[in-house]
Each structure stands twice: as structure tokens, then as C-alpha cells.
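Okay, start_37.txt is below, compact mmCIF, C-alpha atoms and all ligand atoms:
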```txt
# COMPACT_ATOMS: atom_id res chain seq x y z
CA MET A 1156 47.35 -14.51 -25.04
CA ASP A 1157 47.11 -18.10 -26.13
CA GLN A 1158 43.88 -19.88 -26.94
CA GLN A 1159 44.14 -22.30 -24.07
CA GLU A 1160 44.32 -19.44 -21.62
CA LYS A 1161 41.25 -17.83 -23.19
CA ARG A 1162 39.36 -21.09 -22.78
CA LEU A 1163 40.45 -21.35 -19.18
CA ILE A 1164 39.26 -17.84 -18.41
CA LYS A 1165 35.89 -18.52 -20.04
CA LYS A 1166 35.50 -21.51 -17.77
CA VAL A 1167 36.54 -19.49 -14.73
CA LYS A 1168 33.91 -16.90 -15.59
CA LYS A 1169 31.37 -19.72 -15.38
CA GLY A 1170 32.70 -20.60 -11.95
CA ASP A 1171 34.99 -23.50 -12.84
CA GLN A 1172 37.55 -23.66 -10.04
CA GLN A 1173 39.57 -26.43 -11.66
CA ALA A 1174 40.20 -24.12 -14.60
CA PHE A 1175 41.22 -21.44 -12.15
CA ALA A 1176 43.68 -23.85 -10.52
CA GLU A 1177 45.42 -24.12 -13.90
CA LEU A 1178 45.76 -20.35 -14.07
CA VAL A 1179 47.18 -20.32 -10.55
CA GLU A 1180 49.73 -22.95 -11.58
CA ARG A 1181 50.72 -20.84 -14.57
CA TYR A 1182 51.26 -17.59 -12.75
CA LYS A 1183 51.89 -18.35 -9.11
CA ASN A 1184 55.68 -18.08 -9.31
CA SER A 1185 55.55 -14.75 -11.14
CA VAL A 1186 52.98 -13.32 -8.75
CA PHE A 1187 55.00 -14.56 -5.80
CA ALA A 1188 58.22 -13.06 -7.18
CA ILE A 1189 56.58 -9.65 -7.56
CA CYS A 1190 55.14 -9.73 -4.04
CA LEU A 1191 58.36 -11.11 -2.55
CA ARG A 1192 60.54 -8.40 -4.02
CA MET A 1193 58.00 -5.71 -3.19
CA VAL A 1194 57.63 -6.60 0.50
CA GLY A 1195 60.87 -8.53 1.11
CA ASN A 1196 59.38 -11.25 3.24
CA ALA A 1197 58.39 -14.70 1.99
CA GLN A 1198 55.53 -15.35 4.37
CA GLU A 1199 53.91 -12.00 3.72
CA ALA A 1200 54.55 -12.41 0.01
CA GLU A 1201 52.81 -15.78 0.04
CA ASP A 1202 49.78 -14.33 1.83
CA LEU A 1203 49.63 -11.46 -0.63
CA SER A 1204 49.94 -13.81 -3.58
CA GLN A 1205 47.05 -15.89 -2.31
CA GLU A 1206 45.00 -12.78 -1.80
CA ALA A 1207 45.83 -11.64 -5.34
CA PHE A 1208 44.53 -14.89 -6.82
CA ILE A 1209 41.42 -14.89 -4.68
CA ARG A 1210 40.68 -11.34 -5.79
CA ALA A 1211 41.28 -12.25 -9.40
CA TYR A 1212 38.80 -15.09 -9.05
CA ASN A 1213 36.17 -13.01 -7.33
CA HIS A 1214 36.49 -10.17 -9.83
CA ILE A 1215 37.06 -12.19 -12.97
CA ASP A 1216 34.06 -10.44 -14.57
CA GLN A 1217 36.02 -7.19 -14.46
CA TYR A 1218 38.85 -8.69 -16.48
CA ASP A 1219 38.92 -7.25 -20.00
CA HIS A 1220 39.82 -10.11 -22.32
CA GLU A 1221 41.28 -7.67 -24.85
CA ARG A 1222 44.24 -7.31 -22.53
CA LYS A 1223 46.75 -9.84 -21.35
CA PHE A 1224 45.53 -11.75 -18.34
CA SER A 1225 48.98 -11.50 -16.75
CA THR A 1226 48.86 -7.69 -16.98
CA TRP A 1227 45.61 -7.64 -15.05
CA LEU A 1228 46.80 -10.19 -12.52
CA PHE A 1229 50.16 -8.46 -11.93
CA ARG A 1230 48.30 -5.22 -11.43
CA ILE A 1231 46.29 -6.79 -8.63
CA ALA A 1232 49.46 -8.21 -7.07
CA THR A 1233 51.36 -4.92 -7.33
CA ASN A 1234 48.53 -2.88 -5.86
CA LEU A 1235 48.06 -5.31 -2.99
CA SER A 1236 51.78 -5.14 -2.24
CA ILE A 1237 51.76 -1.34 -2.27
CA ASP A 1238 48.70 -1.27 0.00
CA PHE A 1239 50.47 -3.66 2.30
CA LEU A 1240 53.59 -1.48 2.43
CA ARG A 1241 51.49 1.57 3.25
CA ARG A 1242 49.67 -0.24 6.01
CA ARG A 1243 52.94 -1.52 7.38
CA LYS A 1244 54.41 1.97 7.50
CA SER A 1245 52.19 2.66 10.46
CA ASN A 1246 54.10 0.10 12.51
CA ILE A 1247 57.62 0.47 11.20
CA SER A 1248 59.18 -0.33 14.56
CA LEU A 1249 58.65 -4.07 14.04
CA ASP A 1250 60.41 -3.83 10.71
CA ALA A 1251 63.36 -1.94 12.00
CA VAL A 1252 64.22 -4.60 14.58
CA VAL A 1253 64.86 -7.35 12.04
CA PRO A 1254 66.45 -5.74 8.99
CA GLY A 1255 65.74 -7.73 5.89
CA THR A 1256 66.87 -11.14 7.00
CA GLU A 1257 63.43 -12.34 8.02
CA GLY A 1258 61.66 -15.26 6.45
CA LEU A 1259 63.31 -15.58 3.07
CA SER A 1260 62.58 -19.28 2.99
CA LEU A 1261 59.23 -20.91 3.38
CA ASN A 1262 57.50 -24.27 3.37
CA ALA A 1263 55.60 -23.51 0.22
CA MET A 1264 58.86 -22.75 -1.57
CA LEU A 1265 60.58 -25.65 -3.32
CA PRO A 1266 64.30 -25.95 -2.57
CA ASP A 1267 66.72 -25.52 -5.46
CA GLN A 1268 68.42 -28.93 -5.65
CA THR A 1269 71.10 -28.00 -8.14
CA GLU A 1270 73.10 -25.69 -5.92
CA GLN A 1271 76.16 -26.49 -3.82
CA PRO A 1272 76.02 -25.34 -0.18
CA GLU A 1273 78.78 -22.74 -0.59
CA GLU A 1274 77.26 -21.24 -3.72
CA LEU A 1275 73.99 -21.15 -1.89
CA ALA A 1276 75.50 -19.28 1.05
CA VAL A 1277 77.14 -16.67 -1.17
CA ARG A 1278 74.02 -16.22 -3.22
CA LYS A 1279 71.86 -15.88 -0.13
CA GLU A 1280 74.12 -13.19 1.22
CA THR A 1281 74.03 -11.25 -2.04
CA GLU A 1282 70.27 -11.72 -2.25
CA GLU A 1283 69.78 -10.29 1.20
CA MET A 1284 71.95 -7.32 0.39
CA VAL A 1285 70.06 -6.61 -2.84
CA GLN A 1286 66.70 -7.19 -1.20
CA ASN A 1287 67.60 -4.73 1.55
CA GLU A 1288 68.45 -2.09 -1.01
CA ILE A 1289 65.20 -2.69 -2.90
CA LYS A 1290 63.37 -2.20 0.36
CA LYS A 1291 64.78 1.29 0.69
CA LEU A 1292 63.37 2.41 -2.64
CA PRO A 1293 60.21 4.53 -2.51
CA GLU A 1294 57.36 2.23 -3.49
CA LYS A 1295 56.64 3.85 -6.86
CA TYR A 1296 60.22 3.34 -7.97
CA ARG A 1297 60.29 -0.05 -6.37
CA SER A 1298 57.31 -1.41 -8.30
CA ALA A 1299 58.68 -0.15 -11.62
CA VAL A 1300 62.11 -1.66 -10.93
CA VAL A 1301 60.66 -4.98 -9.73
CA LEU A 1302 58.40 -5.38 -12.75
CA LYS A 1303 61.27 -4.51 -15.07
CA TYR A 1304 64.08 -6.53 -13.55
CA ILE A 1305 62.36 -9.36 -11.71
CA GLU A 1306 59.62 -10.06 -14.22
CA ASP A 1307 61.51 -8.76 -17.25
CA LEU A 1308 58.43 -6.95 -18.55
CA SER A 1309 58.41 -4.38 -21.32
CA LEU A 1310 57.98 -0.69 -20.50
CA LYS A 1311 54.58 -0.83 -22.19
CA GLU A 1312 53.38 -3.71 -20.03
CA ILE A 1313 54.65 -1.96 -16.92
CA SER A 1314 52.79 1.19 -17.92
CA GLU A 1315 49.57 -0.83 -18.25
CA ILE A 1316 50.10 -2.59 -14.95
CA MET A 1317 50.85 0.62 -13.08
CA ASP A 1318 48.38 2.66 -15.11
CA ILE A 1319 50.86 5.43 -15.85
CA PRO A 1320 52.36 6.67 -19.14
CA VAL A 1321 55.44 4.91 -20.54
CA GLY A 1322 57.45 8.09 -20.03
CA THR A 1323 56.69 8.03 -16.31
CA VAL A 1324 57.67 4.37 -16.12
CA LYS A 1325 61.02 5.24 -17.68
CA THR A 1326 61.63 8.09 -15.24
CA ARG A 1327 60.83 5.83 -12.30
CA ILE A 1328 63.09 3.08 -13.54
CA HIS A 1329 65.92 5.52 -14.17
CA ARG A 1330 65.60 7.05 -10.69
CA GLY A 1331 65.21 3.66 -9.04
CA ARG A 1332 68.23 2.32 -10.89
CA GLU A 1333 70.32 5.33 -9.90
CA MET A 1334 69.30 5.04 -6.25
CA LEU A 1335 70.12 1.34 -6.20
CA ARG A 1336 73.49 1.99 -7.79
CA LYS A 1337 74.38 4.51 -5.11
CA MET A 1338 73.17 2.27 -2.29
CA MET A 1339 74.94 -0.81 -3.60
CA MET A 1340 78.17 1.03 -4.08
CA ALA A 1341 77.96 2.71 -0.70
CA GLY A 1342 76.93 -0.55 0.97
CA GLY A 1343 79.17 -3.61 0.70
CA GLY A 1344 81.50 -2.35 -1.98
CA ASP A 1345 82.24 -6.06 -2.08
CA ARG A 1346 81.63 -7.17 -5.62
CA ALA A 1347 81.80 -10.90 -5.07
CA MET B 67 79.23 13.43 -11.50
CA SER B 68 81.63 16.05 -12.63
CA CYS B 69 81.60 14.98 -16.27
CA THR B 70 79.70 18.02 -17.43
CA ASN B 71 78.09 16.38 -20.41
CA LYS B 72 74.64 15.29 -19.25
CA LYS B 73 74.00 13.84 -22.66
CA TYR B 74 75.89 10.70 -21.73
CA LEU B 75 73.80 10.00 -18.69
CA SER B 76 70.67 9.94 -20.78
CA LEU B 77 72.45 7.78 -23.34
CA MET B 78 73.31 5.33 -20.56
CA ASN B 79 69.65 5.14 -19.65
CA LYS B 80 68.68 4.59 -23.25
CA VAL B 81 71.16 1.77 -23.61
CA LEU B 82 70.03 0.16 -20.35
CA ASP B 83 66.40 0.46 -21.44
CA GLU B 84 67.39 -1.29 -24.66
CA GLU B 85 66.06 1.63 -26.64
CA ALA B 86 69.31 2.99 -28.06
CA THR B 87 70.10 2.82 -31.74
CA GLU B 88 73.40 1.32 -32.89
CA ARG B 89 74.64 4.82 -33.47
CA GLU B 90 73.76 5.95 -29.95
CA LYS B 91 75.40 2.89 -28.46
CA HIS B 92 78.51 3.58 -30.46
CA GLU B 93 78.49 7.18 -29.32
CA LEU B 94 78.25 6.19 -25.68
CA TYR B 95 80.92 3.50 -25.85
CA GLU B 96 83.26 5.86 -27.57
CA HIS B 97 82.80 8.36 -24.77
CA LEU B 98 83.29 5.66 -22.14
CA ASP B 99 86.66 4.89 -23.68
CA SER B 100 87.86 8.37 -22.92
CA CYS B 101 85.86 9.32 -19.80
CA ASN B 102 86.75 7.34 -16.73
CA GLU B 103 83.96 8.82 -14.68
CA CYS B 104 81.18 7.85 -17.05
CA ARG B 105 82.74 4.43 -17.51
CA VAL B 106 82.64 3.74 -13.77
CA HIS B 107 79.11 5.09 -13.55
CA PHE B 108 77.91 2.91 -16.40
CA ASN B 109 79.62 -0.18 -15.01
CA GLU B 110 78.01 0.39 -11.64
CA LEU B 111 74.58 0.75 -13.20
CA THR B 112 75.08 -2.41 -15.24
CA TYR B 113 76.33 -4.26 -12.21
CA SER B 114 73.36 -3.20 -10.05
CA THR B 115 70.79 -4.21 -12.63
CA GLU B 116 72.59 -7.49 -13.15
CA LEU B 117 72.25 -8.21 -9.43
CA LEU B 118 68.53 -7.48 -9.67
CA ARG B 119 68.16 -9.85 -12.61
CA ARG B 120 69.94 -12.59 -10.76
CA LEU B 121 67.65 -12.54 -7.75
CA ALA B 122 66.12 -15.96 -7.21
CA HIS B 123 62.69 -16.81 -8.54
CA PRO B 124 61.52 -19.28 -5.91
CA GLN B 125 59.15 -21.99 -7.08
CA LEU B 126 55.98 -22.47 -5.10
CA SER B 127 54.77 -25.98 -4.39
CA ALA B 128 51.34 -27.46 -5.16
CA ALA B 129 50.35 -26.66 -1.57
CA PHE B 130 50.07 -23.02 -2.57
CA THR B 131 47.53 -23.73 -5.31
CA LYS B 132 45.53 -25.96 -3.02
CA SER B 133 45.47 -23.30 -0.36
CA VAL B 134 44.17 -20.72 -2.86
CA LEU B 135 41.42 -23.09 -4.01
CA ASP B 136 40.42 -23.81 -0.41
CA GLN B 137 39.83 -20.11 0.12
CA LEU B 138 37.64 -19.55 -2.92
CA PRO B 139 33.93 -19.09 -2.30
CA ALA B 140 32.01 -22.36 -2.70
CA GLU B 141 30.97 -23.11 -6.25
CA LYS B 142 27.29 -22.33 -6.53
CA ARG B 143 24.77 -23.17 -9.21
CA HIS B 144 27.55 -23.72 -11.70
CA VAL B 145 28.50 -26.86 -9.87
CA ILE B 146 25.01 -28.27 -10.26
CA LEU B 147 24.91 -27.32 -13.93
CA ARG B 148 28.25 -28.91 -14.73
CA TRP B 149 27.53 -31.88 -12.53
CA GLY B 150 24.16 -32.25 -14.23
CA SER B 151 25.66 -32.39 -17.69
CA ARG B 152 28.04 -35.11 -16.54
CA HIS B 153 25.39 -37.20 -14.73
CA PRO B 154 22.08 -36.80 -16.59
CA VAL B 155 20.39 -39.81 -14.98
CA LEU B 156 21.22 -38.79 -11.44
CA THR B 157 20.08 -35.27 -12.21
CA ALA B 158 16.75 -36.59 -13.46
CA VAL B 159 16.32 -38.57 -10.26
CA ALA B 160 17.23 -35.53 -8.21
CA ILE B 161 14.73 -33.38 -10.06
CA CYS B 162 11.96 -36.02 -9.50
CA ALA B 163 12.92 -36.10 -5.85
CA VAL B 164 12.02 -32.43 -5.45
CA PRO B 165 8.22 -32.73 -6.00
CA MET B 166 8.24 -35.96 -3.98
CA SER B 167 9.78 -34.23 -1.04
CA LEU B 168 7.32 -31.40 -1.48
CA VAL B 169 4.51 -33.92 -1.13
CA VAL B 170 6.08 -35.26 2.04
CA ILE B 171 6.55 -31.79 3.48
CA GLY B 172 3.00 -30.90 2.48
CA ALA B 173 1.68 -33.98 4.25
CA ARG B 174 3.62 -33.10 7.38
CA HIS B 175 2.36 -29.62 7.15
CA GLN B 176 -1.20 -30.85 7.01
CA THR B 177 -0.75 -33.04 10.05
CA ARG B 178 0.69 -30.19 11.94
CA ASP B 179 -2.22 -28.02 10.89
CA LYS B 180 -4.57 -30.62 12.34
CA ASN B 181 -2.60 -30.71 15.55
CA ASP B 182 -2.63 -26.96 15.70
CA TYR B 183 -6.35 -27.04 15.19
CA VAL B 184 -6.71 -29.48 18.02
CA LEU B 185 -4.54 -27.37 20.25
CA VAL B 186 -6.50 -24.28 19.42
CA ASN B 187 -9.65 -26.14 20.16
CA VAL B 188 -8.31 -27.38 23.45
CA SER B 189 -7.20 -23.96 24.51
CA GLY B 190 -10.50 -22.64 23.25
CA ASP B 191 -12.27 -25.03 25.55
CA GLN B 192 -10.21 -23.95 28.47
CA THR B 193 -11.10 -20.29 28.10
ZN ZN C 1 81.74 11.43 -19.23
```
Represent the supplied structure as C-alpha cells.
Ligand SMILES: [Zn+2]
Amino acid sequence: MDQQEKRLIKKVKKGDQQAFAELVERYKNSVFAICLRMVGNAQEAEDLSQEAFIRAYNHIDQYDHERKFSTWLFRIATNLSIDFLRRRKSNISLDAVVPGTEGLSLNAMLPDQTEQPEELAVRKETEEMVQNEIKKLPEKYRSAVVLKYIEDLSLKEISEIMDIPVGTVKTRIHRGREMLRKMMMAGGGDRA
Amino acid sequence: MSCTNKKYLSLMNKVLDEEATEREKHELYEHLDSCNECRVHFNELTYSTELLRRLAHPQLSAAFTKSVLDQLPAEKRHVILRWGSRHPVLTAVAICAVPMSLVVIGARHQTRDKNDYVLVNVSGDQT
């Protein structure tokens, strides 16, 4: 962890909210990406991301500075997302009505200016397909796969975030990968 | 899969986890050259993970950060401490103001005590 980040965290521990704002700026897109791919809905992902940061702020004293701050923060975000998924299971009916297509864009999201409309349409379609398959993964596989492929984290970091041995992380990624492969191949079959 | 050699499936996983040695990679690729089934399987795995990697990473605007800050608990004594170190003169004035206001409150308190006394007396007279 770099020195500047250490300084920021020291300030946050003293209650400096401006310093905390800098940490939010640093990590908000990563936290949002984790939540978005975990729950598959931008609005809910934004709410969860906010909650993750608020929790991090309120419990900053529990952060062990020997570890990476991002590990601790991503752990909060992952756990909140899993809790959310478990809570949502109790009213699945709402979910089943609108499969996957809900709320993938949001006010708080900046539009990507570089893309042509057609590329955008194709990409959106692929994204929805992939997101729908991710949604079908059991949550323990899902979190391992998301941390690995969305955040590009090492197996070691994932094991710290999920608080499980590296071997278990590997097994979950392998199973998740295999399930996704089957679903993607069974699904569209269209490899555009 | 009907390719009976399970070894290659675990080699695929090793390669995808980026934990395979050059030798192991070579061993897998050599097998893929001759085994259609494993080749398809490996391509599908690679393709699926590639799709995952290519998922968008949306960028959140400054509104997000502001919204988080708005929801944080109000800064407490730390605010005063930091503010104090930035504005020593104003802090000194503020600190002087505390005993002054205590005097004022004390004075008010005294007056009220007198009034109370009067009231008690009045009611005492009535009984
Ligand atoms: Zn084979």
C-alpha cells in the first residue's frame, strides 16, 4: 500500500471526511463493479457500494493497516452483496418477472463517449447475456469468479477477502468457470 | 467429457489460473493438438472467461462520492480540533466566550431564583 494511502487512512481514523472522500474516489469504481456483478442491478449495486463505504468509515478502527486497504474494503463490499442476495432470495418472485435486463444504466454512471452506437448495442447484449449467467452461479462461486475476472485479483487476495484457503478459492473458481462455460454454450451459442 | 484422461482437465485449470509451468503448458497444448474434445472444452473455457474479463467497468460520477459523504455521521470533536489549529485566534475568542456565557447564564439563573423565591413566598402567603 502506498504512503499516500497510509496517510489518508490515518486522517480518516481521526475523523477527517475529506481524506475519506479521496479514498472513495480511489476505490468507488472497483467497489461498484464488484457489487454490480454480484447483484446484477446498477441501482442496487450503487446502494450497496454506498453502504460499503459508510461501513468502512464507521469501522475504520477495525482496519488492520498491515493488510491492504482494498482487501478489507472489498471484503465489506462482497459480504454486503452476499447478504443482499440472501435477503432477496426470500422474495424471488420480483426477480423472476424481469430477468436480468433491469437497471443496467444509472445516473451516477458516466457514459462511455468513445463507443459507436452499434458497438454499444452489441456489447450491451453480450453484457446482459453474461450477467444473466453470472446471476445463476451459486453465490460462493459467484464471488470468487467476480473477484478473479472482474477485479483481476490474485488467488491470495481473493482468499483474504473471502477468508477461505487458497485451495478453496481455486476449487470455487474452477467450478464457477465450468458452470459458466456450460451455460454460455447452452445459451446463445452465438459467439458474436 | 469422454476423453478419459482427467489429467488434462486439471492442466486446463492450471493454465487458466496462470499457475502452469512451461512444461505443463506444452504438455496440454500437445494434447489439444490431438484431442478434439479437450480442444473444444479448453476453447470454451477461454472464451467464457474472456467474456467475463470484457464486462464493462462503469465509472461513477462525483455525485456518488458526495452522496457517501452526506451519509457519514457528522464530524464531532475532530472538527473543532482541526478547525482550531487552522484558526487559533477565533478559537481563543470562542474559548473566552464560554466563561462569559456561563456568567450570563448564572446571572439569569439567579434572577430566576429570586422570582421563584417570590413565587414561593406569594403562594406561602396564600396558604
Ligand atoms: Zn483429451
Please provide as a PDB file with C-alpha atoms, keeping the file's coordinate frame all residues within 12 Å of range 79-96 of chain B, with the sequence filter that same-chain residues fewer than 4 positions apart are discarded (counting all atoms listed in the file).
```pdb
ATOM      1  CA  VAL A1300      62.110  -1.660 -10.930  1.00  0.00           C
ATOM      2  CA  LYS A1303      61.270  -4.510 -15.070  1.00  0.00           C
ATOM      3  CA  TYR A1304      64.080  -6.530 -13.550  1.00  0.00           C
ATOM      4  CA  ASP A1307      61.510  -8.760 -17.250  1.00  0.00           C
ATOM      5  CA  LEU A1308      58.430  -6.950 -18.550  1.00  0.00           C
ATOM      6  CA  SER A1309      58.410  -4.380 -21.320  1.00  0.00           C
ATOM      7  CA  LEU A1310      57.980  -0.690 -20.500  1.00  0.00           C
ATOM      8  CA  LYS A1311      54.580  -0.830 -22.190  1.00  0.00           C
ATOM      9  CA  VAL A1321      55.440   4.910 -20.540  1.00  0.00           C
ATOM     10  CA  GLY A1322      57.450   8.090 -20.030  1.00  0.00           C
ATOM     11  CA  VAL A1324      57.670   4.370 -16.120  1.00  0.00           C
ATOM     12  CA  LYS A1325      61.020   5.240 -17.680  1.00  0.00           C
ATOM     13  CA  THR A1326      61.630   8.090 -15.240  1.00  0.00           C
ATOM     14  CA  ARG A1327      60.830   5.830 -12.300  1.00  0.00           C
ATOM     15  CA  ILE A1328      63.090   3.080 -13.540  1.00  0.00           C
ATOM     16  CA  HIS A1329      65.920   5.520 -14.170  1.00  0.00           C
ATOM     17  CA  ARG A1330      65.600   7.050 -10.690  1.00  0.00           C
ATOM     18  CA  GLY A1331      65.210   3.660  -9.040  1.00  0.00           C
ATOM     19  CA  ARG A1332      68.230   2.320 -10.890  1.00  0.00           C
ATOM     20  CA  GLU A1333      70.320   5.330  -9.900  1.00  0.00           C
TER      21      GLU A1333
ATOM     22  CA  ASN B  71      78.090  16.380 -20.410  1.00  0.00           C
ATOM     23  CA  LYS B  72      74.640  15.290 -19.250  1.00  0.00           C
ATOM     24  CA  LYS B  73      74.000  13.840 -22.660  1.00  0.00           C
ATOM     25  CA  TYR B  74      75.890  10.700 -21.730  1.00  0.00           C
ATOM     26  CA  LEU B  75      73.800  10.000 -18.690  1.00  0.00           C
ATOM     27  CA  SER B 100      87.860   8.370 -22.920  1.00  0.00           C
ATOM     28  CA  CYS B 101      85.860   9.320 -19.800  1.00  0.00           C
ATOM     29  CA  ASN B 102      86.750   7.340 -16.730  1.00  0.00           C
ATOM     30  CA  CYS B 104      81.180   7.850 -17.050  1.00  0.00           C
ATOM     31  CA  ARG B 105      82.740   4.430 -17.510  1.00  0.00           C
ATOM     32  CA  HIS B 107      79.110   5.090 -13.550  1.00  0.00           C
ATOM     33  CA  PHE B 108      77.910   2.910 -16.400  1.00  0.00           C
ATOM     34  CA  ASN B 109      79.620  -0.180 -15.010  1.00  0.00           C
ATOM     35  CA  GLU B 110      78.010   0.390 -11.640  1.00  0.00           C
ATOM     36  CA  LEU B 111      74.580   0.750 -13.200  1.00  0.00           C
ATOM     37  CA  THR B 112      75.080  -2.410 -15.240  1.00  0.00           C
ATOM     38  CA  TYR B 113      76.330  -4.260 -12.210  1.00  0.00           C
ATOM     39  CA  SER B 114      73.360  -3.200 -10.050  1.00  0.00           C
ATOM     40  CA  THR B 115      70.790  -4.210 -12.630  1.00  0.00           C
ATOM     41  CA  GLU B 116      72.590  -7.490 -13.150  1.00  0.00           C
TER      42      GLU B 116
END
```
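The coordinates place CA of Arg1162 in chain A at 15.0 Å from CA of Tyr1212 in chain A.
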Which chain B residues are at most 7 Å from chain A (counting only C-alpha atoms), as a list of chain:residue names?
->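 Close to chain A, chain B has B:Asn79, B:Glu110, B:Leu111, B:Ser114, B:Leu118, B:Arg119, B:Leu121, B:His123, B:Pro124, B:Gln125, B:Leu126, B:Ser127, B:Ala129, B:Phe130, B:Thr131, B:Val134, B:Leu135, B:Leu138, B:Glu141, B:His144.
Note that CA of Gln1271 in chain A and CA of Arg1181 in chain A are 28.2 Å apart.
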Figure out the distance between CA of Asn1287 in chain A and CA of Leu1228 in chain A, please, to one decimal in Å.
-> 25.7 Å
Pick from B:Met78, B:Ser133, B:Leu117, B:Ala140, whichever lies nearest to Leu98 in chain B using only C-alpha atoms | B:Met78
How big is the axis-aligned box around the listed atoms of range 110-125 of chain B once 3 Å is added on each side, and where is its centre? Give both in Å to one decimal, as lines of an AutoDock Vina configuration file.
```
center_x = 68.6
center_y = -10.6
center_z = -10.6
size_x = 24.9
size_y = 28.7
size_z = 15.3
```
